[in-house]
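> Got a structure for you, written out below as structure tokens; questions coming shortly.
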Amino acid sequence: MAEASELLSNYVETCSFLSSLFPLDGELTPDGPTSALLADPSTAPSPLPHELTLILALSIDTTHSINLTLALPLSTSAASSPAINIHQPSFLSRPQLTTLTASLASHLSSQSSPSPLGEGASEYLLEGIEFVREEARVLLERIEREKEELAALETEKKEREKEGEVRVWFWFPSLSTKEKRDDMVHWAPGYGLTGFVLAGKPALLCVEGEPTRIERYMSEIKAVSWADVPSFQKKVSRVSFIVCILHPSVLARFGRWRTFRKADLSADVYRSPSVLTCIRFDPFTALYSTPTPLDYVLLSTNNYEQVSERLRIPLAGTSASTTTSPSTQRVFSNMVEITDLISKGGHRGNRGEMGEVREWIVGKGGMVLGEEWGSVVGVGFE
């Protein structure tokens with residue numbers, strides 16, 4: 001009887017201690033029997049209630065709270081310890097509540113349990129209460145972060161729908177590693193992209209799809225597949241050209257439909273009357289048409305050691321597209337590598353035969369697609 005009286009006394013002190021920590025109206029509420037007993041412990045009924053029960057409305061932040069049931073069993077058995085039961089709040093799913101409950105049980109099992117007479121119950125319960133508060137805050141932050149990510153995805157989806165699809169042509173100074181080529185082919189479907197890869201020196205990548213997905217695809221390629229490539233070579237630059245309409249006598253010295261860097265041409269090429277006219281050509285704002293019957297060469301102003309985005313064409317159905325010809329729609333049904341379909345030449349056998357590439361591209365998308373390819377590689381198209 002003395003032990004039961006001491007246990008009750010300690011638990012009454014625990015309830016008083018918790019009331020001082022959570023004094024707001026409705027914050028800590030005892031149930032009916034507990035409320036009567038706490039009002040006048042000297043008139044405790046016999047037999048005593050099975051336990052003292054408190055309902056705590058635990059504030060997590062300014063707008064969220066969790067209800068906890070704090071149970072203090074009026075038994076001196078060593079197996080009887082205060083317990084904390086978590087009520088499911090509206091902002092937690094059932095699996096999240098299960099995880100939180102299991103985490104609380106694991107945490108309390110690592111703490112010192114109160115004595116059979118209730119000594120240390122206040123510290124034990126307070127430890128559990130603070131654990132629930134901190135874990136709930138972490139869950140709330142995660143939930144808010146997921147909401148923000150979902151909102152960002154929705155915004156991105158709307159932006160993608162607004163901007164429509166494009167066909168982008170990339171030029172590479174060199175591409176030979178089989179694994180890197182396979183990555184380009186195998187990773188594209190995950191981004192909803194189609195197109196083709198042509199390895200060699202130089203190499204081409206043509207990609208069709210939503211601009212933001214193309215950017216993410218290229219970012220993953222550079223960060224993961226090209227992790228061993230020097231950073232300056234991975235930088236994707238945009239190319240502009242100087243288009244020079246040359247006198248036939250000058251062209252005769254170099255051959256027809258070739259692309260030159262400035263260093264390839266002697267100074268006299270830039271002087272009249274060799275150069276009939278020069279215009280700046282930006283493939284991102286206009287597609288150059290061959291000035292038949294005059295001949296021309298393209299003088300690239302970019303570093304040939306970098307990957308470059310050579311051309312971007314809005315596809316049909318987008319606000320930027322003004323035509324619905326087959327070449328301004330998706331031409332490719334998947335991402336493929338065409339390297340093995342093209343004959344090789346050059347000293348090391350790594351330069352694809354451009355005539356065969358042209359035929360394959362025209363077979364896929366007609367003459368207009370062929371003109372796109374010609375402007376990308378700096379080859380005239382007839």
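Numbering starts fresh at 1 for the residues of each chain in the structure tokens, the chains themselves are lettered A, B, ... in the order given, and ligands are numbered from 1 as they appear.
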Identify, on the basis of only C-alpha atoms, every residue whose closest approach to Glu51 (chain A) does not exceed 12 Å; exclude the query and any residue fewer than 2 positions from it along the same chain; express the result as a PDB file with all heavy atoms, in the first residue's frame.

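Final output, result09.pdb:
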ATOM      1  N   ALA A   4       2.258   1.846  -3.495  1.00  0.00           N
ATOM      2  CA  ALA A   4       1.243   2.412  -4.388  1.00  0.00           C
ATOM      3  C   ALA A   4       1.049   3.889  -4.100  1.00  0.00           C
ATOM      4  O   ALA A   4       0.883   4.704  -5.013  1.00  0.00           O
ATOM      5  CB  ALA A   4      -0.074   1.657  -4.235  1.00  0.00           C
ATOM      6  N   LEU A   7       4.045   5.761  -5.494  1.00  0.00           N
ATOM      7  CA  LEU A   7       3.946   5.815  -6.956  1.00  0.00           C
ATOM      8  C   LEU A   7       2.957   6.894  -7.373  1.00  0.00           C
ATOM      9  O   LEU A   7       3.239   7.693  -8.285  1.00  0.00           O
ATOM     10  CB  LEU A   7       3.518   4.459  -7.498  1.00  0.00           C
ATOM     11  CG  LEU A   7       3.265   4.376  -9.007  1.00  0.00           C
ATOM     12  CD1 LEU A   7       4.532   4.674  -9.782  1.00  0.00           C
ATOM     13  CD2 LEU A   7       2.709   2.992  -9.389  1.00  0.00           C
ATOM     14  N   LEU A   8       1.775   6.928  -6.726  1.00  0.00           N
ATOM     15  CA  LEU A   8       0.778   7.926  -7.051  1.00  0.00           C
ATOM     16  C   LEU A   8       1.311   9.331  -6.805  1.00  0.00           C
ATOM     17  O   LEU A   8       1.117  10.237  -7.632  1.00  0.00           O
ATOM     18  CB  LEU A   8      -0.488   7.683  -6.226  1.00  0.00           C
ATOM     19  CG  LEU A   8      -1.606   8.710  -6.394  1.00  0.00           C
ATOM     20  CD1 LEU A   8      -2.077   8.745  -7.840  1.00  0.00           C
ATOM     21  CD2 LEU A   8      -2.764   8.400  -5.443  1.00  0.00           C
ATOM     22  N   TYR A  11       3.713  10.321  -9.536  1.00  0.00           N
ATOM     23  CA  TYR A  11       3.031  10.583 -10.805  1.00  0.00           C
ATOM     24  C   TYR A  11       2.235  11.885 -10.755  1.00  0.00           C
ATOM     25  O   TYR A  11       2.086  12.568 -11.778  1.00  0.00           O
ATOM     26  CB  TYR A  11       2.132   9.409 -11.169  1.00  0.00           C
ATOM     27  CG  TYR A  11       2.877   8.270 -11.843  1.00  0.00           C
ATOM     28  CD1 TYR A  11       2.261   7.040 -12.082  1.00  0.00           C
ATOM     29  CD2 TYR A  11       4.197   8.426 -12.266  1.00  0.00           C
ATOM     30  CE1 TYR A  11       2.930   6.000 -12.708  1.00  0.00           C
ATOM     31  CE2 TYR A  11       4.883   7.398 -12.880  1.00  0.00           C
ATOM     32  CZ  TYR A  11       4.249   6.189 -13.106  1.00  0.00           C
ATOM     33  OH  TYR A  11       4.935   5.156 -13.724  1.00  0.00           O
ATOM     34  N   VAL A  12       1.695  12.216  -9.588  1.00  0.00           N
ATOM     35  CA  VAL A  12       1.017  13.495  -9.434  1.00  0.00           C
ATOM     36  C   VAL A  12       2.013  14.633  -9.638  1.00  0.00           C
ATOM     37  O   VAL A  12       1.709  15.635 -10.298  1.00  0.00           O
ATOM     38  CB  VAL A  12       0.335  13.603  -8.048  1.00  0.00           C
ATOM     39  CG1 VAL A  12      -0.120  15.038  -7.783  1.00  0.00           C
ATOM     40  CG2 VAL A  12      -0.851  12.660  -7.977  1.00  0.00           C
ATOM     41  N   PRO A  30      -6.103  16.325 -18.826  1.00  0.00           N
ATOM     42  CA  PRO A  30      -6.276  14.993 -18.228  1.00  0.00           C
ATOM     43  C   PRO A  30      -7.659  14.446 -18.562  1.00  0.00           C
ATOM     44  O   PRO A  30      -8.611  15.211 -18.775  1.00  0.00           O
ATOM     45  CB  PRO A  30      -6.125  15.268 -16.732  1.00  0.00           C
ATOM     46  CG  PRO A  30      -6.540  16.687 -16.555  1.00  0.00           C
ATOM     47  CD  PRO A  30      -6.169  17.396 -17.820  1.00  0.00           C
ATOM     48  N   ASP A  31      -7.783  13.121 -18.612  1.00  0.00           N
ATOM     49  CA  ASP A  31      -9.113  12.550 -18.810  1.00  0.00           C
ATOM     50  C   ASP A  31      -9.913  12.676 -17.507  1.00  0.00           C
ATOM     51  O   ASP A  31      -9.401  13.179 -16.494  1.00  0.00           O
ATOM     52  CB  ASP A  31      -9.011  11.107 -19.287  1.00  0.00           C
ATOM     53  CG  ASP A  31      -8.451  10.161 -18.238  1.00  0.00           C
ATOM     54  OD1 ASP A  31      -8.106  10.616 -17.115  1.00  0.00           O
ATOM     55  OD2 ASP A  31      -8.332   8.959 -18.531  1.00  0.00           O
ATOM     56  N   GLY A  32     -11.172  12.242 -17.498  1.00  0.00           N
ATOM     57  CA  GLY A  32     -12.057  12.446 -16.350  1.00  0.00           C
ATOM     58  C   GLY A  32     -11.528  11.907 -15.036  1.00  0.00           C
ATOM     59  O   GLY A  32     -11.355  12.676 -14.059  1.00  0.00           O
ATOM     60  N   PRO A  33     -11.212  10.585 -14.937  1.00  0.00           N
ATOM     61  CA  PRO A  33     -10.715  10.039 -13.669  1.00  0.00           C
ATOM     62  C   PRO A  33      -9.413  10.700 -13.219  1.00  0.00           C
ATOM     63  O   PRO A  33      -9.217  10.961 -12.038  1.00  0.00           O
ATOM     64  CB  PRO A  33     -10.509   8.557 -13.978  1.00  0.00           C
ATOM     65  CG  PRO A  33     -11.435   8.271 -15.111  1.00  0.00           C
ATOM     66  CD  PRO A  33     -11.444   9.524 -15.923  1.00  0.00           C
ATOM     67  N   THR A  34      -8.534  10.983 -14.159  1.00  0.00           N
ATOM     68  CA  THR A  34      -7.260  11.606 -13.816  1.00  0.00           C
ATOM     69  C   THR A  34      -7.484  13.027 -13.306  1.00  0.00           C
ATOM     70  O   THR A  34      -6.852  13.463 -12.336  1.00  0.00           O
ATOM     71  CB  THR A  34      -6.318  11.636 -15.037  1.00  0.00           C
ATOM     72  OG1 THR A  34      -6.117  10.314 -15.514  1.00  0.00           O
ATOM     73  CG2 THR A  34      -4.980  12.260 -14.696  1.00  0.00           C
ATOM     74  N   SER A  35      -8.395  13.749 -13.954  1.00  0.00           N
ATOM     75  CA  SER A  35      -8.683  15.111 -13.532  1.00  0.00           C
ATOM     76  C   SER A  35      -9.216  15.154 -12.108  1.00  0.00           C
ATOM     77  O   SER A  35      -8.802  15.998 -11.289  1.00  0.00           O
ATOM     78  CB  SER A  35      -9.705  15.733 -14.492  1.00  0.00           C
ATOM     79  OG  SER A  35     -10.019  17.053 -14.104  1.00  0.00           O
ATOM     80  N   LEU A  37      -8.720  12.916  -9.730  1.00  0.00           N
ATOM     81  CA  LEU A  37      -7.683  12.511  -8.789  1.00  0.00           C
ATOM     82  C   LEU A  37      -6.678  13.629  -8.580  1.00  0.00           C
ATOM     83  O   LEU A  37      -6.230  13.877  -7.458  1.00  0.00           O
ATOM     84  CB  LEU A  37      -6.999  11.244  -9.295  1.00  0.00           C
ATOM     85  CG  LEU A  37      -6.093  10.497  -8.323  1.00  0.00           C
ATOM     86  CD1 LEU A  37      -6.097   9.012  -8.669  1.00  0.00           C
ATOM     87  CD2 LEU A  37      -4.669  11.016  -8.347  1.00  0.00           C
ATOM     88  N   PRO A  47     -10.511   0.831  -5.492  1.00  0.00           N
ATOM     89  CA  PRO A  47      -9.118   0.805  -5.964  1.00  0.00           C
ATOM     90  C   PRO A  47      -8.818   1.995  -6.870  1.00  0.00           C
ATOM     91  O   PRO A  47      -9.710   2.646  -7.374  1.00  0.00           O
ATOM     92  CB  PRO A  47      -9.060  -0.497  -6.732  1.00  0.00           C
ATOM     93  CG  PRO A  47     -10.450  -0.677  -7.274  1.00  0.00           C
ATOM     94  CD  PRO A  47     -11.370  -0.153  -6.193  1.00  0.00           C
ATOM     95  N   LEU A  48      -7.496   2.243  -7.061  1.00  0.00           N
ATOM     96  CA  LEU A  48      -7.053   3.338  -7.922  1.00  0.00           C
ATOM     97  C   LEU A  48      -7.363   3.038  -9.387  1.00  0.00           C
ATOM     98  O   LEU A  48      -7.491   1.870  -9.792  1.00  0.00           O
ATOM     99  CB  LEU A  48      -5.537   3.549  -7.758  1.00  0.00           C
ATOM    100  CG  LEU A  48      -5.057   4.108  -6.424  1.00  0.00           C
ATOM    101  CD1 LEU A  48      -3.538   4.065  -6.356  1.00  0.00           C
ATOM    102  CD2 LEU A  48      -5.567   5.529  -6.218  1.00  0.00           C
ATOM    103  N   PRO A  49      -7.466   4.072 -10.207  1.00  0.00           N
ATOM    104  CA  PRO A  49      -7.607   3.837 -11.654  1.00  0.00           C
ATOM    105  C   PRO A  49      -6.420   3.023 -12.174  1.00  0.00           C
ATOM    106  O   PRO A  49      -5.342   2.993 -11.569  1.00  0.00           O
ATOM    107  CB  PRO A  49      -7.617   5.245 -12.240  1.00  0.00           C
ATOM    108  CG  PRO A  49      -7.961   6.160 -11.115  1.00  0.00           C
ATOM    109  CD  PRO A  49      -7.433   5.511  -9.875  1.00  0.00           C
ATOM    110  N   THR A  53      -4.064   9.394 -17.235  1.00  0.00           N
ATOM    111  CA  THR A  53      -3.994   9.658 -18.677  1.00  0.00           C
ATOM    112  C   THR A  53      -4.069  11.149 -18.944  1.00  0.00           C
ATOM    113  O   THR A  53      -4.979  11.838 -18.458  1.00  0.00           O
ATOM    114  CB  THR A  53      -5.137   8.949 -19.418  1.00  0.00           C
ATOM    115  OG1 THR A  53      -5.086   7.544 -19.137  1.00  0.00           O
ATOM    116  CG2 THR A  53      -5.021   9.168 -20.927  1.00  0.00           C
ATOM    117  N   LEU A  54      -3.103  11.617 -19.765  1.00  0.00           N
ATOM    118  CA  LEU A  54      -3.057  13.022 -20.177  1.00  0.00           C
ATOM    119  C   LEU A  54      -3.030  13.091 -21.698  1.00  0.00           C
ATOM    120  O   LEU A  54      -2.355  12.284 -22.359  1.00  0.00           O
ATOM    121  CB  LEU A  54      -1.806  13.718 -19.624  1.00  0.00           C
ATOM    122  CG  LEU A  54      -1.582  13.673 -18.106  1.00  0.00           C
ATOM    123  CD1 LEU A  54      -0.199  14.217 -17.768  1.00  0.00           C
ATOM    124  CD2 LEU A  54      -2.663  14.471 -17.386  1.00  0.00           C
ATOM    125  N   THR A  69      -1.010  10.847 -26.359  1.00  0.00           N
ATOM    126  CA  THR A  69      -1.591  10.328 -25.121  1.00  0.00           C
ATOM    127  C   THR A  69      -0.449   9.896 -24.221  1.00  0.00           C
ATOM    128  O   THR A  69       0.356   9.029 -24.597  1.00  0.00           O
ATOM    129  CB  THR A  69      -2.521   9.141 -25.394  1.00  0.00           C
ATOM    130  OG1 THR A  69      -3.637   9.581 -26.165  1.00  0.00           O
ATOM    131  CG2 THR A  69      -3.037   8.556 -24.079  1.00  0.00           C
ATOM    132  N   LEU A  70      -0.376  10.505 -23.043  1.00  0.00           N
ATOM    133  CA  LEU A  70       0.652  10.151 -22.055  1.00  0.00           C
ATOM    134  C   LEU A  70      -0.014   9.283 -20.995  1.00  0.00           C
ATOM    135  O   LEU A  70      -0.937   9.731 -20.307  1.00  0.00           O
ATOM    136  CB  LEU A  70       1.241  11.412 -21.431  1.00  0.00           C
ATOM    137  CG  LEU A  70       1.687  12.515 -22.405  1.00  0.00           C
ATOM    138  CD1 LEU A  70       2.240  13.718 -21.626  1.00  0.00           C
ATOM    139  CD2 LEU A  70       2.724  11.983 -23.375  1.00  0.00           C
ATOM    140  N   ALA A  71       0.432   8.055 -20.864  1.00  0.00           N
ATOM    141  CA  ALA A  71      -0.163   7.105 -19.923  1.00  0.00           C
ATOM    142  C   ALA A  71       0.827   6.767 -18.819  1.00  0.00           C
ATOM    143  O   ALA A  71       1.965   6.364 -19.108  1.00  0.00           O
ATOM    144  CB  ALA A  71      -0.595   5.844 -20.656  1.00  0.00           C
ATOM    145  N   LEU A  72       0.401   6.953 -17.550  1.00  0.00           N
ATOM    146  CA  LEU A  72       1.239   6.629 -16.397  1.00  0.00           C
ATOM    147  C   LEU A  72       0.556   5.510 -15.611  1.00  0.00           C
ATOM    148  O   LEU A  72      -0.403   5.743 -14.854  1.00  0.00           O
ATOM    149  CB  LEU A  72       1.434   7.854 -15.495  1.00  0.00           C
ATOM    150  CG  LEU A  72       2.194   9.028 -16.122  1.00  0.00           C
ATOM    151  CD1 LEU A  72       1.234   9.967 -16.838  1.00  0.00           C
ATOM    152  CD2 LEU A  72       2.978   9.790 -15.079  1.00  0.00           C
ATOM    153  N   PRO A  73       0.974   4.269 -15.821  1.00  0.00           N
ATOM    154  CA  PRO A  73       0.310   3.126 -15.178  1.00  0.00           C
ATOM    155  C   PRO A  73       0.527   3.129 -13.665  1.00  0.00           C
ATOM    156  O   PRO A  73       1.648   3.277 -13.189  1.00  0.00           O
ATOM    157  CB  PRO A  73       0.971   1.926 -15.842  1.00  0.00           C
ATOM    158  CG  PRO A  73       2.293   2.414 -16.316  1.00  0.00           C
ATOM    159  CD  PRO A  73       2.103   3.858 -16.673  1.00  0.00           C
ATOM    160  N   LEU A  74      -0.569   2.949 -12.905  1.00  0.00           N
ATOM    161  CA  LEU A  74      -0.478   2.917 -11.437  1.00  0.00           C
ATOM    162  C   LEU A  74      -0.225   1.494 -10.977  1.00  0.00           C
ATOM    163  O   LEU A  74      -1.019   0.870 -10.272  1.00  0.00           O
ATOM    164  CB  LEU A  74      -1.762   3.485 -10.830  1.00  0.00           C
ATOM    165  CG  LEU A  74      -2.010   4.972 -11.113  1.00  0.00           C
ATOM    166  CD1 LEU A  74      -3.352   5.416 -10.559  1.00  0.00           C
ATOM    167  CD2 LEU A  74      -0.883   5.804 -10.542  1.00  0.00           C
ATOM    168  N   SER A  75       0.917   0.984 -11.405  1.00  0.00           N
ATOM    169  CA  SER A  75       1.349  -0.360 -11.040  1.00  0.00           C
ATOM    170  C   SER A  75       2.824  -0.309 -10.710  1.00  0.00           C
ATOM    171  O   SER A  75       3.601   0.357 -11.401  1.00  0.00           O
ATOM    172  CB  SER A  75       1.096  -1.342 -12.188  1.00  0.00           C
ATOM    173  OG  SER A  75       1.706  -2.582 -11.928  1.00  0.00           O
ATOM    174  N   THR A  76       3.200  -1.018  -9.646  1.00  0.00           N
ATOM    175  CA  THR A  76       4.604  -1.016  -9.236  1.00  0.00           C
ATOM    176  C   THR A  76       5.397  -2.114  -9.924  1.00  0.00           C
ATOM    177  O   THR A  76       6.559  -2.348  -9.612  1.00  0.00           O
ATOM    178  CB  THR A  76       4.709  -1.180  -7.713  1.00  0.00           C
ATOM    179  OG1 THR A  76       4.039  -2.395  -7.323  1.00  0.00           O
ATOM    180  CG2 THR A  76       4.090   0.008  -7.001  1.00  0.00           C
ATOM    181  N   SER A  80       5.960  -2.161 -15.959  1.00  0.00           N
ATOM    182  CA  SER A  80       5.051  -1.043 -16.226  1.00  0.00           C
ATOM    183  C   SER A  80       5.837   0.255 -16.245  1.00  0.00           C
ATOM    184  O   SER A  80       6.422   0.656 -15.225  1.00  0.00           O
ATOM    185  CB  SER A  80       3.955  -0.985 -15.160  1.00  0.00           C
ATOM    186  OG  SER A  80       3.184  -2.170 -15.171  1.00  0.00           O
ATOM    187  N   SER A  81       5.843   0.911 -17.390  1.00  0.00           N
ATOM    188  CA  SER A  81       6.530   2.204 -17.543  1.00  0.00           C
ATOM    189  C   SER A  81       5.591   3.184 -18.225  1.00  0.00           C
ATOM    190  O   SER A  81       4.655   2.775 -18.933  1.00  0.00           O
ATOM    191  CB  SER A  81       7.798   2.046 -18.389  1.00  0.00           C
ATOM    192  OG  SER A  81       8.768   1.274 -17.726  1.00  0.00           O
ATOM    193  N   PRO A  82       5.792   4.467 -18.049  1.00  0.00           N
ATOM    194  CA  PRO A  82       4.984   5.460 -18.760  1.00  0.00           C
ATOM    195  C   PRO A  82       5.073   5.236 -20.269  1.00  0.00           C
ATOM    196  O   PRO A  82       6.104   4.790 -20.795  1.00  0.00           O
ATOM    197  CB  PRO A  82       5.611   6.789 -18.357  1.00  0.00           C
ATOM    198  CG  PRO A  82       6.246   6.511 -17.033  1.00  0.00           C
ATOM    199  CD  PRO A  82       6.754   5.108 -17.128  1.00  0.00           C
ATOM    200  N   ALA A  83       4.014   5.509 -20.963  1.00  0.00           N
ATOM    201  CA  ALA A  83       3.957   5.280 -22.415  1.00  0.00           C
ATOM    202  C   ALA A  83       3.471   6.530 -23.124  1.00  0.00           C
ATOM    203  O   ALA A  83       2.724   7.343 -22.568  1.00  0.00           O
ATOM    204  CB  ALA A  83       3.035   4.104 -22.730  1.00  0.00           C
TER     205      ALA A  83
END
> Quick one, how far is CA of Phe172 (chain A) from CA of Ser308 (chain A)?
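Those two atoms sit 6.7 Å apart.
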> Measure the distance from CA of Trp171 (chain A) to CA of Glu309 (chain A) in Å and round it to one decimal.
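Distance reported for this atom pair: 6.3 Å.
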> Give the strand (DSSP E or B) residues of region 35-240 of chain A, as DSSP finds them on the backbone, and put them as a VMD selection string.
chain A and resid 51 to 59 65 to 73 83 to 86 166 to 172 175 194 to 198 200 203 to 209 236 to 238
> Determine the nearest neighbour of Arg312 (chain A) from the options A:Val166, A:Val377, A:Val224, A:Leu198, counting only C-alpha atoms.
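With only C-alpha atoms as the atom set, the closest residue is A:Val166.
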> Can you tell me, as a ChimeraX atom specification, what residues are no more than 8 Å from His87 (chain A) when counting only C-alpha atoms, ignoring any on the same chain fewer than 5 positions away?
/A:66-69
> Would you work out the distance separating CA of Glu220 (chain A) from CA of Gly190 (chain A), expressed in Å to one decimal?
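CA of Gly190 (chain A) lies 11.5 Å from CA of Glu220 (chain A).
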> Could you pull the residues within 8 Å of Met184 (chain A), counting only C-alpha atoms, minus those fewer than 4 positions along the same chain, as a PyMOL selection string?
chain A and resi 180+188+197+221
> Write out the residues from the selection above, keeping N, CA and C atoms, as a CSV table (one decimal), in the first residue's frame.

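Okay, part11.csv is ready:
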chain,number,residue,atom,x,y,z
A,180,LYS,N,30.5,5.5,-74.1
A,180,LYS,CA,29.9,6.9,-74.2
A,180,LYS,C,28.9,6.9,-75.3
A,188,ALA,N,18.7,8.3,-73.6
A,188,ALA,CA,17.7,9.2,-74.3
A,188,ALA,C,16.2,8.9,-74.0
A,197,VAL,N,23.1,9.2,-83.2
A,197,VAL,CA,24.4,9.5,-82.8
A,197,VAL,C,25.3,9.0,-84.0
A,221,ILE,N,24.9,13.4,-69.3
A,221,ILE,CA,25.9,12.9,-70.2
A,221,ILE,C,27.3,13.5,-69.8
> Residues near Leu204 (chain A), anyone? I mean within 12 Å using only C-alpha atoms, not counting same-chain ones fewer than 6 positions away, as number ranges by chain.
A: 168-176, 181, 184, 195-198, 307-311, 336-339, 351-352, 354, 357, 373, 376-377
> With DSSP run on the backbone, what are the helix (DSSP H, G or I) residues within region 100-201 of chain A? I'd like them as a PDB file with C-alpha atoms, in the first residue's frame.

ATOM      1  CA  LEU A 100       7.496   7.816 -36.378  1.00  0.00           C
ATOM      2  CA  THR A 101       5.974   5.469 -33.781  1.00  0.00           C
ATOM      3  CA  ALA A 102       8.681   2.859 -34.347  1.00  0.00           C
ATOM      4  CA  SER A 103      11.400   5.534 -34.106  1.00  0.00           C
ATOM      5  CA  LEU A 104       9.954   6.766 -30.807  1.00  0.00           C
ATOM      6  CA  ALA A 105       9.867   3.244 -29.346  1.00  0.00           C
ATOM      7  CA  SER A 106      13.475   2.667 -30.407  1.00  0.00           C
ATOM      8  CA  HIS A 107      14.571   5.980 -28.923  1.00  0.00           C
ATOM      9  CA  LEU A 108      12.821   5.417 -25.572  1.00  0.00           C
ATOM     10  CA  SER A 109      14.279   1.919 -25.290  1.00  0.00           C
ATOM     11  CA  ALA A 121       9.061   9.593 -15.094  1.00  0.00           C
ATOM     12  CA  SER A 122       9.117  13.340 -15.830  1.00  0.00           C
ATOM     13  CA  GLU A 123      12.495  13.179 -17.588  1.00  0.00           C
ATOM     14  CA  TYR A 124      11.510  10.007 -19.457  1.00  0.00           C
ATOM     15  CA  LEU A 125       8.277  11.501 -20.827  1.00  0.00           C
ATOM     16  CA  LEU A 126       9.866  14.838 -21.649  1.00  0.00           C
ATOM     17  CA  GLU A 127      12.606  13.067 -23.620  1.00  0.00           C
ATOM     18  CA  GLY A 128       9.961  11.240 -25.655  1.00  0.00           C
ATOM     19  CA  ILE A 129       7.903  14.391 -26.215  1.00  0.00           C
ATOM     20  CA  GLU A 130      10.883  16.362 -27.524  1.00  0.00           C
ATOM     21  CA  PHE A 131      11.896  13.452 -29.747  1.00  0.00           C
ATOM     22  CA  VAL A 132       8.442  13.411 -31.347  1.00  0.00           C
ATOM     23  CA  ARG A 133       8.549  17.186 -31.864  1.00  0.00           C
ATOM     24  CA  GLU A 134      11.946  17.106 -33.609  1.00  0.00           C
ATOM     25  CA  GLU A 135      11.127  14.084 -35.764  1.00  0.00           C
ATOM     26  CA  ALA A 136       7.799  15.640 -36.779  1.00  0.00           C
ATOM     27  CA  ARG A 137       9.609  18.828 -37.785  1.00  0.00           C
ATOM     28  CA  VAL A 138      11.945  16.819 -39.991  1.00  0.00           C
ATOM     29  CA  LEU A 139       8.971  15.059 -41.589  1.00  0.00           C
ATOM     30  CA  LEU A 140       7.208  18.368 -42.148  1.00  0.00           C
ATOM     31  CA  GLU A 141      10.275  19.837 -43.831  1.00  0.00           C
ATOM     32  CA  ARG A 142      10.451  16.797 -46.086  1.00  0.00           C
ATOM     33  CA  ILE A 143       6.745  17.056 -46.896  1.00  0.00           C
ATOM     34  CA  GLU A 144       7.080  20.762 -47.718  1.00  0.00           C
ATOM     35  CA  ARG A 145      10.144  20.064 -49.838  1.00  0.00           C
ATOM     36  CA  GLU A 146       8.276  17.359 -51.756  1.00  0.00           C
ATOM     37  CA  LYS A 147       5.378  19.764 -52.312  1.00  0.00           C
ATOM     38  CA  GLU A 148       7.784  22.380 -53.655  1.00  0.00           C
ATOM     39  CA  GLU A 149       9.431  19.816 -55.934  1.00  0.00           C
ATOM     40  CA  LEU A 150       6.025  18.685 -57.188  1.00  0.00           C
ATOM     41  CA  ALA A 151       5.027  22.298 -57.805  1.00  0.00           C
ATOM     42  CA  ALA A 152       8.309  22.872 -59.651  1.00  0.00           C
ATOM     43  CA  LEU A 153       7.650  19.813 -61.805  1.00  0.00           C
ATOM     44  CA  GLU A 154       4.166  21.071 -62.607  1.00  0.00           C
ATOM     45  CA  THR A 155       5.581  24.475 -63.517  1.00  0.00           C
ATOM     46  CA  GLU A 156       8.250  22.825 -65.657  1.00  0.00           C
ATOM     47  CA  LYS A 157       5.585  20.713 -67.355  1.00  0.00           C
ATOM     48  CA  LYS A 158       3.551  23.819 -68.181  1.00  0.00           C
ATOM     49  CA  GLU A 159       6.684  25.569 -69.482  1.00  0.00           C
ATOM     50  CA  ARG A 160       7.505  22.554 -71.627  1.00  0.00           C
ATOM     51  CA  GLU A 161       3.988  22.547 -73.033  1.00  0.00           C
ATOM     52  CA  LYS A 162       4.350  26.258 -73.783  1.00  0.00           C
ATOM     53  CA  GLU A 163       7.773  26.085 -75.426  1.00  0.00           C
ATOM     54  CA  LYS A 178      31.739   2.666 -77.271  1.00  0.00           C
ATOM     55  CA  GLU A 179      30.499   3.124 -73.695  1.00  0.00           C
ATOM     56  CA  LYS A 180      29.944   6.861 -74.193  1.00  0.00           C
ATOM     57  CA  ARG A 181      28.061   6.262 -77.414  1.00  0.00           C
ATOM     58  CA  ASP A 182      25.909   3.601 -75.746  1.00  0.00           C
ATOM     59  CA  ASP A 183      25.091   6.007 -72.908  1.00  0.00           C
ATOM     60  CA  MET A 184      23.835   8.591 -75.394  1.00  0.00           C
ATOM     61  CA  VAL A 185      21.565   6.010 -77.009  1.00  0.00           C
ATOM     62  CA  HIS A 186      20.326   4.222 -73.882  1.00  0.00           C
ATOM     63  CA  TRP A 187      19.735   7.286 -71.688  1.00  0.00           C
ATOM     64  CA  ALA A 188      17.708   9.236 -74.266  1.00  0.00           C
ATOM     65  CA  PRO A 189      14.415   7.269 -73.881  1.00  0.00           C
ATOM     66  CA  GLY A 190      14.355   8.152 -70.179  1.00  0.00           C
ATOM     67  CA  TYR A 191      14.066  11.798 -71.202  1.00  0.00           C
TER      68      TYR A 191
END
> Would you mind telling me which residue in A:His64, A:Ile55, A:Ser112, A:Ala44 lies nearest to Ile84 (chain A) when using only C-alpha atoms?
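Under the stated criterion, the closest residue is A:Ile55.
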> Which of these residues is nearest to Met367 (chain A), using only C-alpha atoms: A:Thr328, A:Ala36, A:Leu97, A:Met218?
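When distances to Met367 (chain A) are compared using only C-alpha atoms, the smallest one comes from A:Thr328.
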